[in-house]
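S.K.: Structure file data.csv (CSV, N, CA and C atoms) right here:
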```csv
chain,number,residue,atom,x,y,z
A,1,MET,N,-19.4,8.7,39.6
A,1,MET,CA,-18.2,9.5,40.0
A,1,MET,C,-17.5,10.0,38.8
A,2,GLN,N,-17.3,11.3,38.8
A,2,GLN,CA,-16.7,12.0,37.7
A,2,GLN,C,-15.2,12.0,37.9
A,3,THR,N,-14.4,11.6,36.8
A,3,THR,CA,-13.0,11.6,37.0
A,3,THR,C,-12.4,12.9,36.5
A,4,LYS,N,-11.3,13.3,37.1
A,4,LYS,CA,-10.7,14.6,36.7
A,4,LYS,C,-9.4,14.3,35.8
A,5,THR,N,-9.1,15.2,35.0
A,5,THR,CA,-7.9,15.1,34.2
A,5,THR,C,-6.7,15.4,35.1
A,6,GLN,N,-5.6,15.0,34.7
A,6,GLN,CA,-4.4,15.2,35.5
A,6,GLN,C,-4.1,16.7,35.6
A,7,ALA,N,-4.5,17.5,34.6
A,7,ALA,CA,-4.3,19.0,34.6
A,7,ALA,C,-5.3,19.6,35.7
A,8,GLU,N,-6.5,19.0,35.7
A,8,GLU,CA,-7.5,19.5,36.7
A,8,GLU,C,-7.0,19.2,38.1
A,9,THR,N,-6.5,18.0,38.3
A,9,THR,CA,-6.0,17.6,39.6
A,9,THR,C,-4.8,18.5,40.0
A,10,LEU,N,-3.9,18.8,39.1
A,10,LEU,CA,-2.8,19.7,39.5
A,10,LEU,C,-3.4,21.1,39.8
A,11,GLY,N,-4.4,21.5,39.1
A,11,GLY,CA,-5.0,22.8,39.4
A,11,GLY,C,-5.6,22.8,40.8
A,12,THR,N,-6.3,21.7,41.2
A,12,THR,CA,-6.9,21.7,42.5
A,12,THR,C,-5.8,21.7,43.6
A,13,TRP,N,-4.7,21.0,43.3
A,13,TRP,CA,-3.6,20.9,44.3
A,13,TRP,C,-3.0,22.3,44.5
A,14,ASP,N,-2.8,23.1,43.4
A,14,ASP,CA,-2.3,24.4,43.4
A,14,ASP,C,-3.3,25.3,44.2
A,15,GLY,N,-4.5,25.2,44.0
A,15,GLY,CA,-5.5,26.0,44.7
A,15,GLY,C,-5.5,25.7,46.2
A,16,LEU,N,-5.3,24.4,46.5
A,16,LEU,CA,-5.3,24.0,47.9
A,16,LEU,C,-4.1,24.6,48.6
A,17,VAL,N,-2.9,24.6,47.9
A,17,VAL,CA,-1.7,25.1,48.5
A,17,VAL,C,-1.8,26.6,48.7
A,18,GLU,N,-2.4,27.3,47.7
A,18,GLU,CA,-2.6,28.8,47.8
A,18,GLU,C,-3.5,29.1,48.9
A,19,ALA,N,-4.6,28.3,49.0
A,19,ALA,CA,-5.6,28.6,50.1
A,19,ALA,C,-5.0,28.4,51.5
A,20,CYS,N,-4.2,27.4,51.6
A,20,CYS,CA,-3.5,27.2,52.9
A,20,CYS,C,-2.5,28.2,53.2
A,21,GLN,N,-1.8,28.7,52.2
A,21,GLN,CA,-0.7,29.7,52.4
A,21,GLN,C,-1.4,31.1,52.7
A,22,ALA,N,-2.6,31.3,52.2
A,22,ALA,CA,-3.3,32.6,52.5
A,22,ALA,C,-3.9,32.6,53.9
A,23,ASN,N,-4.1,31.4,54.5
A,23,ASN,CA,-4.6,31.3,55.8
A,23,ASN,C,-3.5,31.0,56.8
A,24,PRO,N,-3.0,32.0,57.6
A,24,PRO,CA,-1.8,31.7,58.5
A,24,PRO,C,-2.0,30.5,59.4
A,25,LYS,N,-3.2,30.4,59.9
A,25,LYS,CA,-3.5,29.3,60.9
A,25,LYS,C,-3.3,27.9,60.2
A,26,MET,N,-3.9,27.8,59.0
A,26,MET,CA,-3.8,26.5,58.3
A,26,MET,C,-2.4,26.3,57.8
A,27,HIS,N,-1.7,27.4,57.4
A,27,HIS,CA,-0.3,27.3,56.9
A,27,HIS,C,0.6,26.8,58.0
A,28,ALA,N,0.3,27.2,59.3
A,28,ALA,CA,1.2,26.8,60.4
A,28,ALA,C,0.9,25.3,60.7
A,29,LEU,N,-0.4,24.9,60.6
A,29,LEU,CA,-0.8,23.5,61.0
A,29,LEU,C,-0.3,22.5,59.9
A,30,PHE,N,-0.3,22.9,58.7
A,30,PHE,CA,0.0,22.0,57.6
A,30,PHE,C,1.2,22.4,56.8
A,31,GLN,N,2.1,23.0,57.4
A,31,GLN,CA,3.3,23.5,56.6
A,31,GLN,C,4.0,22.4,55.9
A,32,ARG,N,4.3,21.3,56.6
A,32,ARG,CA,5.0,20.2,56.1
A,32,ARG,C,4.2,19.5,54.9
A,33,GLU,N,2.9,19.3,55.1
A,33,GLU,CA,2.1,18.7,54.1
A,33,GLU,C,2.0,19.6,52.8
A,34,ILE,N,1.9,20.9,53.1
A,34,ILE,CA,1.8,21.9,52.0
A,34,ILE,C,3.1,21.8,51.1
A,35,GLN,N,4.2,21.7,51.8
A,35,GLN,CA,5.5,21.7,51.1
A,35,GLN,C,5.6,20.3,50.3
A,36,LEU,N,5.1,19.2,50.9
A,36,LEU,CA,5.1,18.0,50.2
A,36,LEU,C,4.2,18.0,49.0
A,37,LEU,N,3.0,18.6,49.2
A,37,LEU,CA,2.1,18.7,48.1
A,37,LEU,C,2.6,19.5,46.9
A,38,SER,N,3.3,20.6,47.3
A,38,SER,CA,3.9,21.4,46.2
A,38,SER,C,5.0,20.7,45.5
A,39,GLN,N,5.8,19.9,46.2
A,39,GLN,CA,6.8,19.1,45.6
A,39,GLN,C,6.2,18.0,44.7
A,40,ALA,N,5.1,17.4,45.2
A,40,ALA,CA,4.5,16.3,44.4
A,40,ALA,C,3.9,16.9,43.1
A,41,ALA,N,3.3,18.1,43.2
A,41,ALA,CA,2.8,18.8,42.0
A,41,ALA,C,3.9,19.1,41.0
A,42,LYS,N,5.1,19.6,41.5
A,42,LYS,CA,6.2,19.9,40.7
A,42,LYS,C,6.7,18.6,40.0
A,43,GLU,N,6.8,17.5,40.7
A,43,GLU,CA,7.3,16.2,40.1
A,43,GLU,C,6.3,15.7,39.1
A,44,ALA,N,5.0,15.9,39.4
A,44,ALA,CA,4.0,15.4,38.4
A,44,ALA,C,4.1,16.2,37.1
A,45,ARG,N,4.2,17.5,37.2
A,45,ARG,CA,4.4,18.4,36.0
A,45,ARG,C,5.6,18.0,35.2
A,46,SER,N,6.7,17.7,35.9
A,46,SER,CA,7.9,17.3,35.3
A,46,SER,C,7.7,15.9,34.6
A,47,ALA,N,7.0,15.0,35.2
A,47,ALA,CA,6.8,13.7,34.6
A,47,ALA,C,5.8,13.8,33.4
A,48,LEU,N,4.8,14.7,33.5
A,48,LEU,CA,3.9,14.9,32.4
A,48,LEU,C,4.7,15.4,31.2
A,49,ALA,N,5.5,16.4,31.4
A,49,ALA,CA,6.3,17.0,30.3
A,49,ALA,C,7.2,16.0,29.7
A,50,ARG,N,7.8,15.1,30.5
A,50,ARG,CA,8.7,14.1,30.0
A,50,ARG,C,7.9,13.1,29.2
A,51,ARG,N,6.7,12.7,29.7
A,51,ARG,CA,5.9,11.7,29.0
A,51,ARG,C,5.5,12.3,27.6
A,52,ASP,N,5.1,13.6,27.6
A,52,ASP,CA,4.7,14.2,26.3
A,52,ASP,C,5.9,14.2,25.3
A,53,ARG,N,7.1,14.5,25.9
A,53,ARG,CA,8.3,14.6,25.0
A,53,ARG,C,8.6,13.2,24.5
A,54,LEU,N,8.4,12.1,25.3
A,54,LEU,CA,8.7,10.8,24.9
A,54,LEU,C,7.7,10.3,23.9
A,55,VAL,N,6.4,10.6,24.1
A,55,VAL,CA,5.4,10.3,23.1
A,55,VAL,C,5.7,10.9,21.7
A,56,SER,N,6.1,12.1,21.8
A,56,SER,CA,6.4,12.8,20.5
A,56,SER,C,7.6,12.2,19.8
A,57,GLU,N,8.7,11.8,20.6
A,57,GLU,CA,9.8,11.1,20.1
A,57,GLU,C,9.4,9.8,19.5
A,58,SER,N,8.6,9.1,20.2
A,58,SER,CA,8.1,7.7,19.8
A,58,SER,C,7.4,7.8,18.4
A,59,ARG,N,6.5,8.8,18.3
A,59,ARG,CA,5.8,9.0,17.0
A,59,ARG,C,6.8,9.3,15.9
A,60,GLU,N,7.8,10.2,16.2
A,60,GLU,CA,8.8,10.5,15.1
A,60,GLU,C,9.6,9.3,14.8
A,61,THR,N,10.0,8.5,15.7
A,61,THR,CA,10.7,7.3,15.5
A,61,THR,C,9.9,6.3,14.7
A,62,THR,N,8.6,6.1,15.0
A,62,THR,CA,7.8,5.3,14.2
A,62,THR,C,7.7,5.7,12.8
A,63,ARG,N,7.5,7.0,12.6
A,63,ARG,CA,7.4,7.6,11.2
A,63,ARG,C,8.7,7.3,10.4
A,64,LYS,N,9.9,7.5,11.1
A,64,LYS,CA,11.2,7.2,10.4
A,64,LYS,C,11.3,5.7,10.1
A,65,CYS,N,10.9,4.8,11.0
A,65,CYS,CA,10.9,3.4,10.7
A,65,CYS,C,10.1,3.1,9.5
A,66,GLN,N,8.9,3.6,9.5
A,66,GLN,CA,8.0,3.3,8.3
A,66,GLN,C,8.6,3.8,7.0
A,67,GLU,N,9.2,5.0,7.0
A,67,GLU,CA,9.8,5.5,5.8
A,67,GLU,C,11.0,4.6,5.4
A,68,ALA,N,11.8,4.2,6.3
A,68,ALA,CA,12.9,3.3,6.0
A,68,ALA,C,12.5,2.0,5.4
A,69,PHE,N,11.5,1.4,6.1
A,69,PHE,CA,11.0,0.1,5.5
A,69,PHE,C,10.3,0.2,4.2
A,70,SER,N,9.6,1.3,4.0
A,70,SER,CA,9.0,1.6,2.7
A,70,SER,C,10.1,1.8,1.6
A,71,LYS,N,11.1,2.6,1.9
A,71,LYS,CA,12.2,2.8,1.0
A,71,LYS,C,12.9,1.5,0.7
A,72,GLY,N,13.2,0.7,1.8
A,72,GLY,CA,13.9,-0.5,1.6
A,72,GLY,C,13.1,-1.6,0.8
A,73,GLY,N,11.8,-1.6,1.0
A,73,GLY,CA,11.0,-2.5,0.3
A,73,GLY,C,11.0,-2.2,-1.2
A,74,GLU,N,10.9,-0.9,-1.5
A,74,GLU,CA,10.9,-0.5,-2.9
A,74,GLU,C,12.3,-0.9,-3.6
A,75,LEU,N,13.4,-0.6,-2.9
A,75,LEU,CA,14.7,-0.9,-3.4
A,75,LEU,C,14.9,-2.4,-3.6
A,76,ALA,N,14.4,-3.2,-2.6
A,76,ALA,CA,14.5,-4.7,-2.7
A,76,ALA,C,13.7,-5.2,-3.9
A,77,MET,N,12.5,-4.6,-4.1
A,77,MET,CA,11.7,-5.0,-5.3
A,77,MET,C,12.4,-4.7,-6.6
A,78,ARG,N,13.0,-3.5,-6.6
A,78,ARG,CA,13.7,-3.1,-7.9
A,78,ARG,C,14.9,-4.1,-8.1
A,79,ILE,N,15.6,-4.4,-7.1
A,79,ILE,CA,16.8,-5.3,-7.3
A,79,ILE,C,16.3,-6.7,-7.7
A,80,ARG,N,15.2,-7.2,-7.1
A,80,ARG,CA,14.7,-8.5,-7.5
A,80,ARG,C,14.2,-8.5,-8.9
A,81,SER,N,13.6,-7.4,-9.3
A,81,SER,CA,13.1,-7.3,-10.7
A,81,SER,C,14.3,-7.3,-11.7
A,82,ALA,N,15.3,-6.5,-11.3
A,82,ALA,CA,16.5,-6.5,-12.2
A,82,ALA,C,17.2,-7.8,-12.3
A,83,VAL,N,17.3,-8.5,-11.2
A,83,VAL,CA,17.9,-9.9,-11.2
A,83,VAL,C,17.1,-10.8,-12.0
A,84,LYS,N,15.8,-10.8,-11.9
A,84,LYS,CA,14.9,-11.7,-12.6
A,84,LYS,C,15.0,-11.3,-14.1
A,85,GLY,N,15.1,-10.0,-14.4
A,85,GLY,CA,15.3,-9.6,-15.8
A,85,GLY,C,16.6,-10.0,-16.4
A,86,THR,N,17.6,-10.0,-15.6
A,86,THR,CA,19.0,-10.4,-16.0
A,86,THR,C,19.1,-11.9,-16.2
A,87,LEU,N,18.6,-12.7,-15.2
A,87,LEU,CA,18.8,-14.1,-15.3
A,87,LEU,C,17.7,-14.8,-16.0
A,88,GLY,N,16.5,-14.2,-16.1
A,88,GLY,CA,15.4,-14.8,-16.7
A,88,GLY,C,14.5,-15.4,-15.7
A,89,PRO,N,13.2,-15.6,-16.1
A,89,PRO,CA,12.2,-16.1,-15.1
A,89,PRO,C,12.3,-17.5,-14.7
A,90,ARG,N,13.1,-18.3,-15.5
A,90,ARG,CA,13.1,-19.8,-15.2
A,90,ARG,C,14.5,-20.2,-14.6
A,91,ASP,N,15.4,-19.3,-14.4
A,91,ASP,CA,16.7,-19.7,-13.9
A,91,ASP,C,16.7,-20.1,-12.5
A,92,GLU,N,17.3,-21.2,-12.1
A,92,GLU,CA,17.2,-21.7,-10.8
A,92,GLU,C,18.1,-20.8,-9.8
A,93,ARG,N,19.0,-20.0,-10.3
A,93,ARG,CA,19.8,-19.2,-9.4
A,93,ARG,C,18.9,-18.1,-8.8
A,94,LEU,N,17.7,-17.9,-9.3
A,94,LEU,CA,16.8,-16.9,-8.7
A,94,LEU,C,16.5,-17.2,-7.2
A,95,VAL,N,16.6,-18.5,-6.9
A,95,VAL,CA,16.3,-18.9,-5.5
A,95,VAL,C,17.3,-18.3,-4.5
A,96,HIS,N,18.5,-18.0,-4.9
A,96,HIS,CA,19.5,-17.3,-4.0
A,96,HIS,C,19.1,-15.9,-3.7
A,97,PHE,N,18.2,-15.3,-4.5
A,97,PHE,CA,17.8,-14.0,-4.3
A,97,PHE,C,16.4,-13.9,-3.7
A,98,GLY,N,15.8,-15.1,-3.3
A,98,GLY,CA,14.5,-15.1,-2.7
A,98,GLY,C,13.4,-15.0,-3.7
A,99,ILE,N,13.6,-15.4,-4.9
A,99,ILE,CA,12.6,-15.4,-6.0
A,99,ILE,C,12.4,-16.8,-6.4
A,100,LYS,N,11.1,-17.2,-6.6
A,100,LYS,CA,10.7,-18.5,-7.1
A,100,LYS,C,10.8,-18.5,-8.6
A,101,PRO,N,11.6,-19.3,-9.2
A,101,PRO,CA,11.7,-19.4,-10.6
A,101,PRO,C,10.4,-20.1,-11.2
A,102,LEU,N,10.1,-19.8,-12.4
A,102,LEU,CA,9.0,-20.5,-13.1
A,102,LEU,C,9.5,-21.9,-13.4
A,103,ARG,N,8.8,-22.9,-13.0
A,103,ARG,CA,9.2,-24.3,-13.3
A,103,ARG,C,8.1,-25.0,-14.0
A,104,LYS,N,8.5,-26.0,-14.8
A,104,LYS,CA,7.5,-26.8,-15.5
A,104,LYS,C,6.7,-27.7,-14.4
A,105,ARG,N,5.5,-27.9,-14.7
A,105,ARG,CA,4.7,-28.8,-13.9
A,105,ARG,C,5.2,-30.2,-14.0
A,106,LYS,N,5.1,-30.9,-12.9
A,106,LYS,CA,5.5,-32.3,-12.9
A,106,LYS,C,4.4,-33.2,-13.7
A,107,ARG,N,4.8,-34.3,-14.2
A,107,ARG,CA,3.9,-35.1,-15.0
A,107,ARG,C,2.8,-35.6,-14.1
A,108,GLU,N,3.0,-36.0,-12.9
A,108,GLU,CA,2.0,-36.5,-12.0
A,108,GLU,C,0.9,-35.4,-11.8
A,109,LEU,N,1.3,-34.2,-11.7
A,109,LEU,CA,0.3,-33.1,-11.5
A,109,LEU,C,-0.6,-33.0,-12.8
A,110,ARG,N,0.1,-33.2,-13.9
A,110,ARG,CA,-0.7,-33.1,-15.2
A,110,ARG,C,-1.7,-34.3,-15.3
A,111,ARG,N,-1.3,-35.5,-14.8
A,111,ARG,CA,-2.2,-36.6,-14.9
A,111,ARG,C,-3.4,-36.4,-13.9
A,112,VAL,N,-3.1,-35.9,-12.8
A,112,VAL,CA,-4.2,-35.6,-11.8
A,112,VAL,C,-5.1,-34.6,-12.3
A,113,ALA,N,-4.5,-33.5,-13.0
A,113,ALA,CA,-5.4,-32.5,-13.5
A,113,ALA,C,-6.2,-33.0,-14.6
A,114,GLU,N,-5.7,-33.9,-15.5
A,114,GLU,CA,-6.5,-34.5,-16.5
A,114,GLU,C,-7.6,-35.4,-16.0
A,115,ARG,N,-7.3,-36.2,-14.9
A,115,ARG,CA,-8.3,-37.0,-14.3
A,115,ARG,C,-9.4,-36.2,-13.7
A,116,VAL,N,-9.1,-35.2,-13.0
A,116,VAL,CA,-10.1,-34.3,-12.4
A,116,VAL,C,-10.9,-33.6,-13.5
A,117,GLY,N,-10.3,-33.2,-14.5
A,117,GLY,CA,-11.0,-32.5,-15.6
A,117,GLY,C,-11.8,-33.4,-16.5
A,118,GLY,N,-11.3,-34.7,-16.6
A,118,GLY,CA,-12.0,-35.6,-17.5
A,118,GLY,C,-13.2,-36.3,-16.8
A,119,GLU,N,-13.3,-36.3,-15.5
A,119,GLU,CA,-14.4,-37.0,-14.9
A,119,GLU,C,-15.6,-36.3,-14.8
```
Please lay out the structure from this file as structure tokens.

M.R.:
Amino acid sequence: MQTKTQAETLGTWDGLVEACQANPKMHALFQREIQLLSQAAKEARSALARRDRLVSESRETTRKCQEAFSKGGELAMRIRSAVKGTLGPRDERLVHFGIKPLRKRKRELRRVAERVGGE
């Protein structure tokens, strides 16, 4: 079974409405249904246009979010770098800025490293 696009479906609906309106006997028999089908086609076109507009707005919003996060990340990195340069790489106050200071290794770790390396 071949599926139709929404545009093709709307086209077939329009063709059906036009064919029924061109035939007075069919128009008289199905006047109410023709009117409802025309209304459904109009609503479908309106919904498709709204969906397209919202998809476009969503893409634009996503692009703006990505730009803002990129800019913010760059600025945060600059600030952290400046703080680390000001305070020094070993200052414990770096923790307040979300930066791990360089610390000396504990003696236990040195002994374990020596044992592993010496064996």

S.K.: Please, which residues of chain A, numbered as in this document, come out helix (DSSP H, G or I) from DSSP, as a PyMOL selection string?

M.R.: chain A and resi 6-22+24-29+31-87+92-97+107-118

S.K.: Please measure the separation of atom CA of A:Gly98 and atom CA of A:Arg80, giving the value in Å to one decimal.

M.R.: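 Interatomic distance here is 8.2 Å.
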
S.K.: When you look at stretch 11-17 of chain A with a cut-off of 8 Å (counting all atoms listed in the file), what residues show up, excluding the ones that are within fewer than 3 positions of it in the same chain? I need them as an MDAnalysis selection string.

M.R.: chainID A and resid 5:8 20:23 33:35 37:38 41

S.K.: What's the separation between atom C of A:Lys84 and atom C of A:Cys65, in Å to one decimal place?

M.R.: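 Computing it gives 28.1 Å between the two atoms.
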
S.K.: Might you pull out every residue within 8 Å of A:Asp91, with only N, CA and C atoms counted and same-chain residues fewer than 6 positions away left off, and present them as a list in words?

M.R.: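 Close residues of A:Asp91: Lys84, Lys100, Pro101, Leu102 and Arg103 of chain A.
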
S.K.: Which residue out of A:Ile99, A:Leu10, A:Arg107, A:Arg53 has the minimum interatomic distance to A:Gln39 when only C-alpha atoms are used?

M.R.: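 Checking each of A:Ile99, A:Leu10, A:Arg107, A:Arg53 against A:Gln39, counting only C-alpha atoms, the winner is A:Leu10.
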
S.K.: Just how far from atom N of A:His96 is atom C of A:Ala76, in Å to one decimal?

M.R.: 13.7 Å
